[in-house]
>>> print(open('my_file_10.cif').read())   # mmCIF, C-alpha atoms and all ligand atoms
data_target
loop_
_atom_site.label_atom_id
_atom_site.label_comp_id
_atom_site.auth_asym_id
_atom_site.auth_seq_id
_atom_site.Cartn_x
_atom_site.Cartn_y
_atom_site.Cartn_z
CA MET A 1279 -206.15 -46.03 -81.09
CA ARG A 1280 -206.23 -43.77 -84.16
CA THR A 1281 -205.05 -46.06 -86.95
CA GLY A 1282 -204.08 -45.18 -90.49
CA ILE A 1283 -204.66 -47.72 -93.26
CA TRP A 1284 -202.37 -46.87 -96.17
CA LEU A 1285 -203.43 -48.87 -99.21
CA ILE A 1286 -200.89 -49.63 -101.93
CA GLY A 1287 -203.25 -49.88 -104.92
CA ALA A 1288 -205.76 -47.50 -103.28
CA ARG A 1289 -207.83 -47.01 -106.44
CA GLY A 1290 -208.38 -50.74 -107.11
CA SER A 1291 -211.50 -52.84 -106.47
CA VAL A 1292 -210.43 -54.37 -103.15
CA ALA A 1293 -209.16 -51.04 -101.80
CA VAL A 1294 -212.22 -48.99 -102.73
CA THR A 1295 -214.60 -51.70 -101.45
CA SER A 1296 -212.65 -51.65 -98.15
CA ILE A 1297 -212.93 -47.86 -97.88
CA VAL A 1298 -216.65 -47.83 -98.79
CA GLY A 1299 -217.24 -50.67 -96.31
CA ALA A 1300 -215.43 -48.93 -93.45
CA LEU A 1301 -217.30 -45.66 -94.10
CA ALA A 1302 -220.62 -47.54 -94.24
CA LEU A 1303 -219.90 -49.37 -90.97
CA ARG A 1304 -218.93 -46.11 -89.33
CA ALA A 1305 -222.15 -44.44 -90.50
CA GLY A 1306 -224.26 -47.40 -89.33
CA LEU A 1307 -225.34 -48.06 -92.92
CA ALA A 1308 -224.11 -51.67 -92.98
CA ASP A 1309 -223.55 -54.66 -90.71
CA PRO A 1310 -220.04 -56.10 -90.24
CA THR A 1311 -220.91 -59.34 -92.08
CA GLY A 1312 -217.64 -60.91 -93.25
CA CYS A 1313 -215.51 -59.04 -90.66
CA VAL A 1314 -213.91 -61.79 -88.60
CA THR A 1315 -212.78 -59.32 -85.91
CA GLU A 1316 -216.44 -58.60 -85.12
CA LEU A 1317 -217.07 -62.21 -84.03
CA PRO A 1318 -217.53 -62.51 -80.24
CA ALA A 1319 -214.38 -64.68 -80.00
CA LEU A 1320 -212.19 -61.86 -81.37
CA ARG A 1321 -213.92 -58.60 -80.50
CA GLY A 1322 -212.33 -56.58 -77.68
CA PRO A 1323 -210.45 -53.53 -76.39
CA ALA A 1324 -207.12 -54.08 -78.22
CA LEU A 1325 -208.56 -53.48 -81.68
CA PRO A 1326 -209.04 -49.99 -83.13
CA GLY A 1327 -212.73 -49.24 -83.75
CA PHE A 1328 -214.08 -48.54 -87.23
CA THR A 1329 -214.38 -44.87 -86.23
CA ASP A 1330 -210.62 -44.83 -85.47
CA LEU A 1331 -209.63 -45.77 -89.05
CA VAL A 1332 -208.19 -43.14 -91.40
CA PHE A 1333 -207.49 -44.00 -95.05
CA GLY A 1334 -204.79 -42.96 -97.47
CA GLY A 1335 -202.69 -44.64 -100.11
CA HIS A 1336 -200.67 -44.77 -103.31
CA ASP A 1337 -201.69 -45.83 -106.79
CA VAL A 1338 -200.38 -45.60 -110.32
CA ALA A 1339 -203.94 -45.10 -111.64
CA VAL A 1340 -205.83 -41.79 -111.47
CA THR A 1341 -209.50 -42.89 -111.47
CA PRO A 1342 -211.23 -40.85 -108.72
CA LEU A 1343 -212.44 -42.91 -105.74
CA VAL A 1344 -216.04 -41.74 -106.27
CA LYS A 1345 -215.94 -42.91 -109.90
CA LYS A 1346 -214.50 -46.29 -108.89
CA ALA A 1347 -217.15 -46.66 -106.15
CA ASP A 1348 -219.86 -45.90 -108.75
CA ALA A 1349 -218.37 -48.56 -111.06
CA LEU A 1350 -218.36 -51.08 -108.19
CA ALA A 1351 -222.00 -50.20 -107.45
CA SER A 1352 -222.99 -50.64 -111.13
CA ALA A 1353 -221.26 -54.03 -111.13
CA GLY A 1354 -223.23 -55.10 -108.01
CA VAL A 1355 -220.13 -55.34 -105.80
CA VAL A 1356 -221.34 -52.67 -103.35
CA PRO A 1357 -224.96 -51.49 -102.93
CA GLY A 1358 -225.65 -48.40 -105.07
CA ARG A 1359 -227.25 -46.52 -102.16
CA LEU A 1360 -223.92 -46.66 -100.25
CA GLY A 1361 -221.93 -45.07 -103.06
CA THR A 1362 -224.41 -42.18 -103.22
CA ALA A 1363 -224.61 -41.75 -99.41
CA LEU A 1364 -220.84 -41.74 -99.06
CA HIS A 1365 -219.84 -39.56 -102.04
CA ALA A 1366 -218.80 -36.60 -99.87
CA GLU A 1367 -216.68 -38.71 -97.53
CA LEU A 1368 -215.04 -40.54 -100.44
CA ALA A 1369 -214.23 -37.21 -102.08
CA GLY A 1370 -212.63 -36.17 -98.77
CA ILE A 1371 -210.32 -39.21 -98.84
CA GLU A 1372 -209.32 -38.42 -102.45
CA SER A 1373 -206.65 -35.94 -101.32
CA GLN A 1374 -205.06 -38.67 -99.15
CA VAL A 1375 -204.39 -40.89 -102.17
CA ARG A 1376 -201.09 -39.95 -103.80
CA PRO A 1377 -199.48 -40.92 -107.09
CA LEU A 1378 -196.87 -43.61 -106.49
CA PRO A 1379 -193.47 -41.84 -106.41
CA ALA A 1380 -191.09 -42.90 -109.20
CA LEU A 1381 -187.61 -41.34 -108.87
CA ALA A 1382 -184.19 -42.00 -110.42
CA THR A 1383 -183.12 -44.69 -107.93
CA GLN A 1384 -185.11 -47.12 -105.78
CA ALA A 1385 -183.51 -45.51 -102.68
CA GLU A 1386 -185.04 -42.14 -103.69
CA THR A 1387 -188.42 -43.72 -104.51
CA ALA A 1388 -188.49 -45.51 -101.14
CA ALA A 1389 -187.54 -42.28 -99.34
CA ALA A 1390 -190.42 -40.44 -101.05
CA ILE A 1391 -192.89 -43.21 -100.06
CA THR A 1392 -191.59 -43.06 -96.46
CA ALA A 1393 -192.02 -39.27 -96.47
CA ASP A 1394 -195.67 -39.65 -97.61
CA LEU A 1395 -196.29 -42.16 -94.79
CA VAL A 1396 -194.69 -40.00 -92.11
CA ALA A 1397 -196.63 -36.94 -93.31
CA PHE A 1398 -199.90 -38.96 -93.26
CA ARG A 1399 -199.19 -40.14 -89.69
CA GLN A 1400 -198.43 -36.59 -88.52
CA ARG A 1401 -201.28 -34.87 -90.42
CA HIS A 1402 -203.91 -37.11 -88.82
CA HIS A 1403 -202.25 -37.55 -85.40
CA LEU A 1404 -202.24 -41.33 -85.87
CA ASP A 1405 -200.98 -43.73 -83.20
CA ARG A 1406 -200.24 -46.42 -85.82
CA VAL A 1407 -200.15 -46.78 -89.59
CA VAL A 1408 -200.61 -50.14 -91.28
CA VAL A 1409 -199.56 -50.30 -94.93
CA VAL A 1410 -201.64 -52.89 -96.82
CA ASN A 1411 -200.57 -54.03 -100.27
CA VAL A 1412 -203.68 -54.52 -102.43
CA SER A 1413 -201.99 -53.62 -105.70
CA THR A 1414 -201.68 -55.67 -108.87
CA THR A 1415 -200.01 -59.09 -108.37
CA GLU A 1416 -196.39 -59.10 -109.58
CA PRO A 1417 -194.39 -61.94 -111.09
CA ALA A 1418 -191.93 -63.53 -108.61
CA PRO A 1419 -188.64 -61.55 -108.83
CA PRO A 1420 -185.34 -63.27 -109.70
CA PRO A 1421 -183.15 -63.86 -106.61
CA HIS A 1422 -180.55 -61.13 -105.97
CA PRO A 1423 -177.68 -61.11 -103.43
CA ALA A 1424 -178.94 -57.72 -102.13
CA HIS A 1425 -182.09 -59.46 -100.84
CA LEU A 1426 -180.07 -61.35 -98.24
CA SER A 1427 -179.01 -58.57 -95.85
CA LEU A 1428 -180.13 -55.07 -94.99
CA ALA A 1429 -176.62 -53.66 -95.48
CA ALA A 1430 -176.36 -55.15 -98.99
CA LEU A 1431 -179.87 -53.98 -99.86
CA THR A 1432 -179.31 -50.43 -98.62
CA ALA A 1433 -176.15 -50.19 -100.75
CA ALA A 1434 -177.83 -51.68 -103.84
CA LEU A 1435 -180.94 -49.47 -103.69
CA GLY A 1436 -178.78 -46.41 -104.42
CA GLY A 1437 -177.65 -47.88 -107.76
CA GLU A 1438 -179.28 -47.29 -111.13
CA THR A 1439 -180.43 -50.91 -111.60
CA PRO A 1440 -183.62 -51.82 -109.71
CA VAL A 1441 -183.08 -54.72 -107.29
CA LEU A 1442 -186.58 -54.90 -105.74
CA PRO A 1443 -190.05 -55.36 -107.26
CA PRO A 1444 -192.51 -52.52 -106.41
CA SER A 1445 -194.19 -54.43 -103.55
CA ALA A 1446 -190.84 -54.82 -101.78
CA VAL A 1447 -189.94 -51.15 -102.33
CA ALA A 1448 -193.24 -50.28 -100.62
CA ALA A 1449 -192.53 -52.75 -97.80
CA TYR A 1450 -189.02 -51.31 -97.36
CA ALA A 1451 -190.43 -47.77 -97.20
CA ALA A 1452 -193.21 -48.78 -94.79
CA LEU A 1453 -190.86 -50.59 -92.39
CA HIS A 1454 -188.41 -47.71 -92.66
CA ALA A 1455 -191.18 -45.36 -91.51
CA GLY A 1456 -191.88 -47.70 -88.57
CA CYS A 1457 -195.23 -48.77 -90.05
CA ALA A 1458 -196.63 -52.29 -89.99
CA TYR A 1459 -196.94 -53.98 -93.40
CA VAL A 1460 -199.52 -56.51 -94.62
CA ASP A 1461 -199.32 -58.24 -97.99
CA PHE A 1462 -202.78 -59.16 -99.20
CA THR A 1463 -201.32 -60.36 -102.55
CA PRO A 1464 -198.91 -63.14 -103.58
CA SER A 1465 -196.21 -60.54 -104.40
CA VAL A 1466 -192.91 -60.77 -102.52
CA GLY A 1467 -193.57 -57.71 -100.28
CA ALA A 1468 -191.62 -58.01 -97.02
CA ARG A 1469 -190.76 -61.69 -97.60
CA LEU A 1470 -186.99 -61.16 -98.01
CA PRO A 1471 -184.29 -61.68 -95.35
CA ALA A 1472 -183.15 -58.03 -95.72
CA LEU A 1473 -186.66 -56.75 -95.04
CA ASP A 1474 -187.15 -59.11 -92.11
CA GLU A 1475 -183.98 -57.59 -90.65
CA LEU A 1476 -185.37 -54.08 -91.20
CA ALA A 1477 -188.71 -54.99 -89.57
CA ARG A 1478 -187.00 -56.32 -86.46
CA GLN A 1479 -184.60 -53.37 -86.33
CA ASN A 1480 -187.46 -50.82 -86.57
CA ARG A 1481 -189.75 -52.86 -84.29
CA ALA A 1482 -192.47 -53.14 -86.93
CA PRO A 1483 -194.57 -56.28 -87.59
CA TYR A 1484 -195.48 -57.68 -91.00
CA ALA A 1485 -197.97 -60.29 -92.25
CA GLY A 1486 -198.92 -62.12 -95.46
CA HIS A 1487 -199.26 -63.54 -98.05
CA ASP A 1488 -202.23 -63.57 -100.38
CA SER A 1489 -205.53 -63.62 -98.59
CA LYS A 1490 -207.67 -66.74 -99.03
CA THR A 1491 -211.17 -65.68 -100.02
CA GLY A 1492 -212.51 -68.37 -102.38
CA GLU A 1493 -211.25 -71.66 -103.77
CA THR A 1494 -208.26 -71.80 -101.39
CA LEU A 1495 -210.49 -71.07 -98.40
CA VAL A 1496 -212.63 -74.09 -99.33
CA LYS A 1497 -209.47 -76.19 -99.84
CA ALA A 1498 -208.26 -75.28 -96.32
CA VAL A 1499 -211.50 -76.71 -94.92
CA LEU A 1500 -211.97 -79.75 -97.18
CA ALA A 1501 -208.38 -81.04 -97.33
CA PRO A 1502 -208.25 -81.59 -93.51
CA MET A 1503 -211.44 -83.67 -93.80
CA PHE A 1504 -209.76 -86.08 -96.26
CA ALA A 1505 -206.63 -86.17 -94.07
CA LEU A 1506 -208.54 -86.81 -90.82
CA ARG A 1507 -210.55 -89.68 -92.38
CA ASN A 1508 -207.31 -91.16 -93.79
CA LEU A 1509 -208.67 -90.95 -97.34
CA GLN A 1510 -206.10 -90.76 -100.13
CA VAL A 1511 -206.56 -87.70 -102.35
CA ARG A 1512 -205.35 -88.80 -105.78
CA SER A 1513 -206.00 -85.61 -107.73
CA TRP A 1514 -207.29 -82.11 -107.10
CA SER A 1515 -207.81 -79.88 -110.12
CA GLY A 1516 -209.32 -76.43 -110.05
CA SER A 1517 -210.43 -73.99 -112.70
CA ASN A 1518 -210.89 -70.35 -111.68
CA LEU A 1519 -212.65 -67.91 -113.99
CA LEU A 1520 -212.51 -64.22 -113.10
CA GLY A 1521 -212.65 -60.77 -114.68
CA GLY A 1522 -211.88 -57.30 -113.27
CA GLY A 1523 -208.41 -55.73 -112.97
CA ASP A 1524 -207.12 -58.73 -111.01
CA GLY A 1525 -208.38 -61.17 -113.67
CA ALA A 1526 -206.85 -59.10 -116.49
CA ASN A 1527 -203.48 -59.02 -114.73
CA LEU A 1528 -203.59 -62.74 -113.93
CA ALA A 1529 -203.95 -63.45 -117.65
CA GLU A 1530 -200.22 -62.56 -117.76
CA PRO A 1531 -198.31 -65.86 -117.48
CA ALA A 1532 -195.79 -64.74 -114.81
CA ALA A 1533 -198.40 -63.20 -112.47
CA ASN A 1534 -200.65 -66.21 -113.13
CA ALA A 1535 -197.82 -68.58 -112.11
CA ALA A 1536 -197.25 -66.68 -108.83
CA LYS A 1537 -200.97 -66.89 -107.97
CA ALA A 1538 -201.45 -70.53 -109.05
CA ALA A 1539 -198.43 -71.64 -106.96
CA SER A 1540 -199.84 -69.80 -103.96
CA LYS A 1541 -203.24 -71.54 -104.42
CA GLN A 1542 -201.89 -75.11 -104.78
CA ARG A 1543 -199.36 -75.01 -101.89
CA VAL A 1544 -202.04 -75.46 -99.24
CA LEU A 1545 -202.79 -79.06 -100.34
CA ALA A 1546 -199.27 -80.42 -99.87
CA GLU A 1547 -199.02 -78.63 -96.54
CA ILE A 1548 -202.25 -80.16 -95.19
CA LEU A 1549 -202.17 -83.63 -96.79
CA GLY A 1550 -198.43 -84.19 -96.45
CA TYR A 1551 -198.18 -85.07 -100.16
CA GLN A 1552 -198.98 -83.28 -103.42
CA PRO A 1553 -201.88 -84.89 -105.28
CA GLN A 1554 -201.93 -84.80 -109.06
CA GLY A 1555 -203.57 -81.76 -110.63
CA HIS A 1556 -203.21 -78.03 -111.16
CA THR A 1557 -205.03 -74.82 -110.41
CA ARG A 1558 -205.84 -72.86 -113.54
CA ILE A 1559 -206.81 -69.20 -113.69
CA GLU A 1560 -208.58 -67.83 -116.75
CA TYR A 1561 -209.65 -64.26 -117.50
CA VAL A 1562 -213.32 -63.80 -118.48
CA ASP A 1563 -213.98 -60.09 -118.90
CA ASP A 1564 -217.75 -60.40 -118.73
CA ILE A 1565 -217.94 -61.80 -115.17
CA GLY A 1566 -216.03 -58.87 -113.63
CA ASP A 1567 -215.46 -59.24 -109.92
CA PHE A 1568 -217.69 -62.32 -109.62
CA LYS A 1569 -215.42 -65.35 -109.66
CA THR A 1570 -216.36 -68.95 -110.40
CA ALA A 1571 -214.17 -71.82 -109.23
CA TRP A 1572 -214.85 -75.45 -110.22
CA ASP A 1573 -212.85 -78.13 -108.45
CA LEU A 1574 -212.77 -81.86 -109.09
CA ILE A 1575 -211.23 -84.09 -106.41
CA THR A 1576 -210.66 -87.81 -106.91
CA PHE A 1577 -209.86 -89.90 -103.86
CA ALA A 1578 -209.51 -93.47 -102.72
CA GLY A 1579 -211.12 -95.07 -99.69
CA PHE A 1580 -210.91 -98.52 -98.00
CA LEU A 1581 -209.48 -101.24 -100.29
CA GLY A 1582 -208.61 -98.57 -102.85
CA THR A 1583 -212.19 -97.86 -103.92
CA GLY A 1584 -212.15 -94.74 -106.10
CA MET A 1585 -214.56 -91.86 -105.44
CA ARG A 1586 -214.93 -88.23 -106.48
CA MET A 1587 -216.16 -84.93 -105.24
CA GLU A 1588 -216.85 -81.68 -107.09
CA PHE A 1589 -217.65 -78.20 -105.86
CA THR A 1590 -218.52 -74.90 -107.47
CA TRP A 1591 -217.87 -71.57 -105.77
CA HIS A 1592 -219.44 -68.32 -106.96
CA GLY A 1593 -217.92 -65.45 -104.99
CA CYS A 1594 -217.75 -61.68 -105.31
CA ASP A 1595 -214.02 -61.28 -104.84
CA SER A 1596 -213.85 -57.72 -103.53
CA ALA A 1597 -216.82 -58.19 -101.18
CA LEU A 1598 -215.05 -61.23 -99.71
CA ALA A 1599 -211.68 -59.50 -99.52
CA ALA A 1600 -212.61 -56.04 -98.16
CA PRO A 1601 -213.71 -57.08 -94.64
CA LEU A 1602 -210.47 -59.07 -94.32
CA VAL A 1603 -208.43 -55.98 -95.24
CA LEU A 1604 -210.12 -54.20 -92.32
CA ASP A 1605 -209.57 -57.23 -90.03
CA LEU A 1606 -205.89 -57.48 -90.93
CA ALA A 1607 -205.29 -53.76 -90.44
CA ARG A 1608 -207.00 -53.80 -87.02
CA LEU A 1609 -205.17 -56.93 -85.87
CA THR A 1610 -201.76 -55.81 -87.13
CA ALA A 1611 -202.16 -52.37 -85.51
CA ALA A 1612 -203.06 -54.08 -82.21
CA ALA A 1613 -200.04 -56.40 -82.48
CA HIS A 1614 -197.77 -53.42 -83.17
CA GLN A 1615 -199.26 -51.58 -80.19
CA ALA A 1616 -198.55 -54.67 -78.04
CA GLY A 1617 -194.87 -54.49 -79.02
CA ARG A 1618 -194.76 -57.25 -81.66
CA SER A 1619 -192.24 -56.91 -84.47
CA GLY A 1620 -191.11 -59.13 -87.34
CA PRO A 1621 -193.46 -61.74 -88.89
CA LEU A 1622 -196.94 -62.45 -87.48
CA PRO A 1623 -197.48 -66.17 -88.24
CA GLU A 1624 -200.57 -66.11 -85.97
CA LEU A 1625 -202.48 -64.40 -88.80
CA ALA A 1626 -202.12 -67.48 -91.07
CA PHE A 1627 -205.94 -67.92 -90.88
CA PHE A 1628 -206.24 -65.12 -93.45
CA PHE A 1629 -203.64 -66.24 -95.99
CA LYS A 1630 -203.10 -68.76 -98.80
CA ASP A 1631 -199.36 -68.83 -98.31
CA PRO A 1632 -198.76 -67.77 -94.71
CA ILE A 1633 -195.43 -66.75 -93.25
CA GLY A 1634 -193.94 -69.24 -90.77
CA ASP A 1635 -194.41 -72.91 -89.93
CA GLY A 1636 -197.91 -72.83 -88.43
CA PRO A 1637 -200.84 -75.10 -89.33
CA HIS A 1638 -202.53 -74.85 -92.75
CA ALA A 1639 -205.96 -76.30 -91.87
CA LEU A 1640 -208.44 -73.45 -91.35
CA GLY A 1641 -209.78 -74.84 -88.05
CA ASP A 1642 -206.28 -75.10 -86.53
CA GLN A 1643 -205.41 -71.62 -87.80
CA TRP A 1644 -208.57 -70.28 -86.17
CA HIS A 1645 -207.52 -71.60 -82.72
CA VAL A 1646 -204.08 -69.99 -83.11
CA LEU A 1647 -205.76 -66.69 -84.04
CA VAL A 1648 -208.17 -66.79 -81.10
CA ASP A 1649 -205.32 -67.38 -78.61
CA PHE A 1650 -203.25 -64.61 -80.21
CA VAL A 1651 -206.10 -62.07 -80.06
CA ALA A 1652 -207.02 -63.06 -76.50
CA ASP A 1653 -203.42 -62.21 -75.52
CA LEU A 1654 -203.64 -58.84 -77.28
CA HIS A 1655 -206.87 -58.04 -75.41
CA ARG A 1656 -205.34 -59.11 -72.08
CA GLN A 1657 -202.34 -56.85 -72.66
CA ALA A 1658 -204.58 -53.94 -73.69
CA ALA A 1659 -206.77 -54.39 -70.59
CA ASP A 1660 -203.68 -54.60 -68.33
CA GLY A 1661 -202.27 -51.46 -69.98
CA ALA A 1662 -205.53 -49.58 -69.42
CA ALA A 1663 -205.63 -50.69 -65.76
CA ASP A 1664 -202.06 -49.47 -65.04
N1 LIG A 1701 -210.24 -60.01 -104.32
C1 LIG A 1701 -209.79 -61.07 -103.69
O1 LIG A 1701 -210.55 -61.90 -103.23
C2 LIG A 1701 -208.31 -61.20 -103.51
C3 LIG A 1701 -207.85 -62.24 -102.71
C4 LIG A 1701 -206.48 -62.35 -102.51
C5 LIG A 1701 -205.61 -61.46 -103.13
N2 LIG A 1701 -206.09 -60.47 -103.91
C6 LIG A 1701 -205.13 -59.58 -104.54
O2 LIG A 1701 -205.44 -58.23 -104.24
C7 LIG A 1701 -204.90 -57.41 -105.28
C8 LIG A 1701 -205.94 -56.38 -105.67
O3 LIG A 1701 -207.03 -56.98 -106.34
P1 LIG A 1701 -208.09 -56.03 -107.08
O4 LIG A 1701 -209.18 -56.91 -107.52
O5 LIG A 1701 -208.39 -54.86 -106.23
O6 LIG A 1701 -207.25 -55.56 -108.33
P2 LIG A 1701 -207.39 -54.19 -109.14
O7 LIG A 1701 -206.73 -54.43 -110.45
O8 LIG A 1701 -208.81 -53.73 -109.12
O9 LIG A 1701 -206.54 -53.12 -108.29
C9 LIG A 1701 -205.16 -53.07 -108.26
C10 LIG A 1701 -204.73 -51.61 -108.11
O10 LIG A 1701 -203.30 -51.57 -107.93
C11 LIG A 1701 -202.80 -50.47 -108.68
N3 LIG A 1701 -201.35 -50.66 -108.85
C12 LIG A 1701 -200.70 -51.41 -109.76
N4 LIG A 1701 -199.36 -51.36 -109.53
C13 LIG A 1701 -199.18 -50.54 -108.47
C14 LIG A 1701 -198.04 -50.13 -107.74
N5 LIG A 1701 -196.82 -50.53 -108.07
N6 LIG A 1701 -198.21 -49.30 -106.67
C15 LIG A 1701 -199.44 -48.87 -106.33
N7 LIG A 1701 -200.57 -49.26 -106.99
C16 LIG A 1701 -200.44 -50.08 -108.03
C17 LIG A 1701 -203.63 -50.49 -109.94
O11 LIG A 1701 -203.58 -49.24 -110.61
C18 LIG A 1701 -205.03 -50.77 -109.36
O12 LIG A 1701 -205.71 -49.58 -109.01
C19 LIG A 1701 -204.44 -58.33 -106.40
O13 LIG A 1701 -203.05 -58.52 -106.33
C20 LIG A 1701 -205.16 -59.63 -106.05
O14 LIG A 1701 -204.48 -60.77 -106.54
C21 LIG A 1701 -207.42 -60.32 -104.10
#
>>> encode(input="my_file_10.cif", output="structure tokens", more="lines below")
Ligand SMILES: NC(=O)c1ccc[n+]([C@@H]2O[C@H](COP(=O)([O-])OP(=O)(O)OC[C@H]3O[C@@H](n4cnc5c(N)ncnc54)[C@H](O)[C@@H]3O)[C@@H](O)[C@H]2O)c1
Amino acid sequence: MRTGIWLIGARGSVAVTSIVGALALRAGLADPTGCVTELPALRGPALPGFTDLVFGGHDVAVTPLVKKADALASAGVVPGRLGTALHAELAGIESQVRPLPALATQAETAAAITADLVAFRQRHHLDRVVVVNVSTTEPAPPPHPAHLSLAALTAALGGETPVLPPSAVAAYAALHAGCAYVDFTPSVGARLPALDELARQNRAPYAGHDSKTGETLVKAVLAPMFALRNLQVRSWSGSNLLGGGDGANLAEPAANAAKAASKQRVLAEILGYQPQGHTRIEYVDDIGDFKTAWDLITFAGFLGTGMRMEFTWHGCDSALAAPLVLDLARLTAAAHQAGRSGPLPELAFFFKDPIGDGPHALGDQWHVLVDFVADLHRQAADGAAD
């Protein structure tokens, strides 16, 4: 299945690491370490192969992909030898990355984004296109009546006043083009009733939000342990230090609030109560893409005896995120091919703040994912046999 991956924020760290990674896998220059879809429990005929993936995207920045890949190599995010080996292929993808359209009304901007997506699909003879939002995290938008129905939204988009944040304009355009949409960030994306209506109407699936790659991933494993042993978590406080473009943006209070809320929600969902404590995010320019998270958990055991646990996580954010971008694109394309539309709550395993009412503990989410993918493979095998 020839599958397009259209990256919103295509010149950013996560996007370029994903492109370099896919090219390296295709050329046999790297192993799929970190790609969940390459585990024996998930691998199979429904998923597009790495050789079937074609990249394109939008960005507001103009840094050439080769230059960004060199910067990622200098920072130790990707091996330097890969950047050099893949320069020609990266330069070839350059022409597929377009400036983000910005026209007089949001209806015109969305139509221009849709036109870019349709042209990309036709130019490369793609069976499916998955639009993945890996752009800068936005502040949560104020509620607006136009968010509640597709008819109201369609009317409002033609006006002079913007009613959607950029991530939702991109989601609207993607769903309008009949593409699947994945939100890798905490931004609102497709998470509005009007866009859900559009997804179902155009038979396109969507997934999100905000991939869990570090502190929240550890929380989704540790919190179930406290719950299953009937230990009372009294407080859980985390401090995240990060640099890079994401870190710089998260220094903005509104974007920081959107991310911190997304990171803390998992505890209440798993424990059934919200322990005391906050997640803090601080920008430290010098550490670039290498994030440090320190968490302190205080908890009570039998007879109220107080205890504590601490952990430190040192992760390279883009190296953790990029394989998941490839996983999500492959899985969402396969779901679309199998006829799924609307939200994909079965992909909760990947997200901090997943769509739907599924489990929040990582182990439970894994079982849901395995069953979901097994179904996709069964359908693909049945289709091939017909
Ligand atoms: N790295 C991780 O582990 C991780 C995990 C979960 C979520 N995320 C999210 O992924 C996103 C990308 O992270 P990053 O480290 O690559 O950040 P980055 O700053 O390196 O890249 C973001 C890119 O988005 C572009 N951009 C900004 N607004 C845009 C718009 N409206 N349309 C198109 N492009 C736009 C920027 O120019 C930039 O190139 C962030 O929102 C981050 O919170 C990252």
>>> atom_distance(input="my_file_10.cif", atom1="atom CA of Phe1589 of chain A", atom2="atom CA of Leu1495 of chain A")
12.6 Å
>>> atom_distance(input="my_file_10.cif", atom1="atom CA of Glu1493 of chain A", atom2="atom CA of Phe1628 of chain A")
13.2 Å
>>> closest_residue(input="my_file_10.cif", among="A:Ala1288, A:Ala1498, A:Val1338, A:Leu1453", to="Gln1479 of chain A", atoms="only C-alpha atoms")
A:Leu1453
>>> closest_residue(input="my_file_10.cif", among="A:Phe1504, A:Trp1591, A:Trp1644, A:Phe1629", to="Ile1548 of chain A", atoms="all atoms listed in the file")
A:Phe1504
>>> residues_near_ligand(input="my_file_10.cif", ligand="ligand LIG 1701 (chain A)", cutoff="7 Å", atoms="all atoms listed in the file", output="PyMOL selection string")
chain A and resi 1286-1293+1336-1339+1378+1412-1415+1444-1445+1462-1464+1488-1492+1522-1524+1595-1596+1598-1599
>>> closest_residue(input="my_file_10.cif", among="A:Leu1640, A:Val1496, A:Ala1451, A:Ala1418", to="Asn1534 of chain A", atoms="all atoms listed in the file")
A:Ala1418
>>> closest_residue(input="my_file_10.cif", among="A:Val1396, A:Ala1363, A:Ala1612, A:Ala1433", to="Arg1280 of chain A", atoms="only C-alpha atoms")
A:Ala1612
>>> closest_residue(input="my_file_10.cif", among="A:Pro1310, A:Pro1471, A:Gly1555, A:Pro1483", to="Arg1512 of chain A", atoms="all atoms listed in the file")
A:Gly1555
>>> atom_distance(input="my_file_10.cif", atom1="atom CA of Ala1389 of chain A", atom2="atom CA of His1454 of chain A")
8.7 Å
>>> axis_aligned_box(input="my_file_10.cif", around="segment 1324-1343 of chain A", padding_each_side="5 Å", output="lines of an AutoDock Vina configuration file")
center_x = -207.4
center_y = -47.5
center_z = -94.9
size_x = 24.0
size_y = 23.2
size_z = 43.4
>>> closest_residue(input="my_file_10.cif", among="A:Arg1656, A:His1592, A:Arg1401, A:Lys1569", to="Leu1519 of chain A", atoms="only C-alpha atoms")
A:Lys1569
>>> residues_near_point(input="my_file_10.cif", point="(-208.8, -36.2, -95.7)", cutoff="10 Å", atoms="all atoms listed in the file", output="PDB file with C-alpha atoms, in the coordinates of the input")
ATOM      1  CA  VAL A1332    -208.190 -43.140 -91.400  1.00  0.00           C
ATOM      2  CA  PHE A1333    -207.490 -44.000 -95.050  1.00  0.00           C
ATOM      3  CA  GLY A1334    -204.790 -42.960 -97.470  1.00  0.00           C
ATOM      4  CA  GLU A1367    -216.680 -38.710 -97.530  1.00  0.00           C
ATOM      5  CA  LEU A1368    -215.040 -40.540-100.440  1.00  0.00           C
ATOM      6  CA  ALA A1369    -214.230 -37.210-102.080  1.00  0.00           C
ATOM      7  CA  GLY A1370    -212.630 -36.170 -98.770  1.00  0.00           C
ATOM      8  CA  ILE A1371    -210.320 -39.210 -98.840  1.00  0.00           C
ATOM      9  CA  GLU A1372    -209.320 -38.420-102.450  1.00  0.00           C
ATOM     10  CA  SER A1373    -206.650 -35.940-101.320  1.00  0.00           C
ATOM     11  CA  GLN A1374    -205.060 -38.670 -99.150  1.00  0.00           C
ATOM     12  CA  VAL A1375    -204.390 -40.890-102.170  1.00  0.00           C
ATOM     13  CA  PHE A1398    -199.900 -38.960 -93.260  1.00  0.00           C
ATOM     14  CA  ARG A1401    -201.280 -34.870 -90.420  1.00  0.00           C
ATOM     15  CA  HIS A1402    -203.910 -37.110 -88.820  1.00  0.00           C
TER      16      HIS A1402
END
>>> residues_around(input="my_file_10.cif", residues="Leu1500 of chain A", least_positions_apart="3", cutoff="12 Å", atoms="all atoms listed in the file", output="list in words")
Glu1493, Thr1494, Leu1495, Val1496, Lys1497, Met1503, Phe1504, Ala1505, Leu1506, Arg1507, Leu1509, Val1511, Trp1514, Val1544, Leu1545, Ile1548, Leu1549, Asp1573, Ile1575, Met1587, Glu1588, Phe1589, His1638, Ala1639, Leu1640 and Gly1641 of chain A
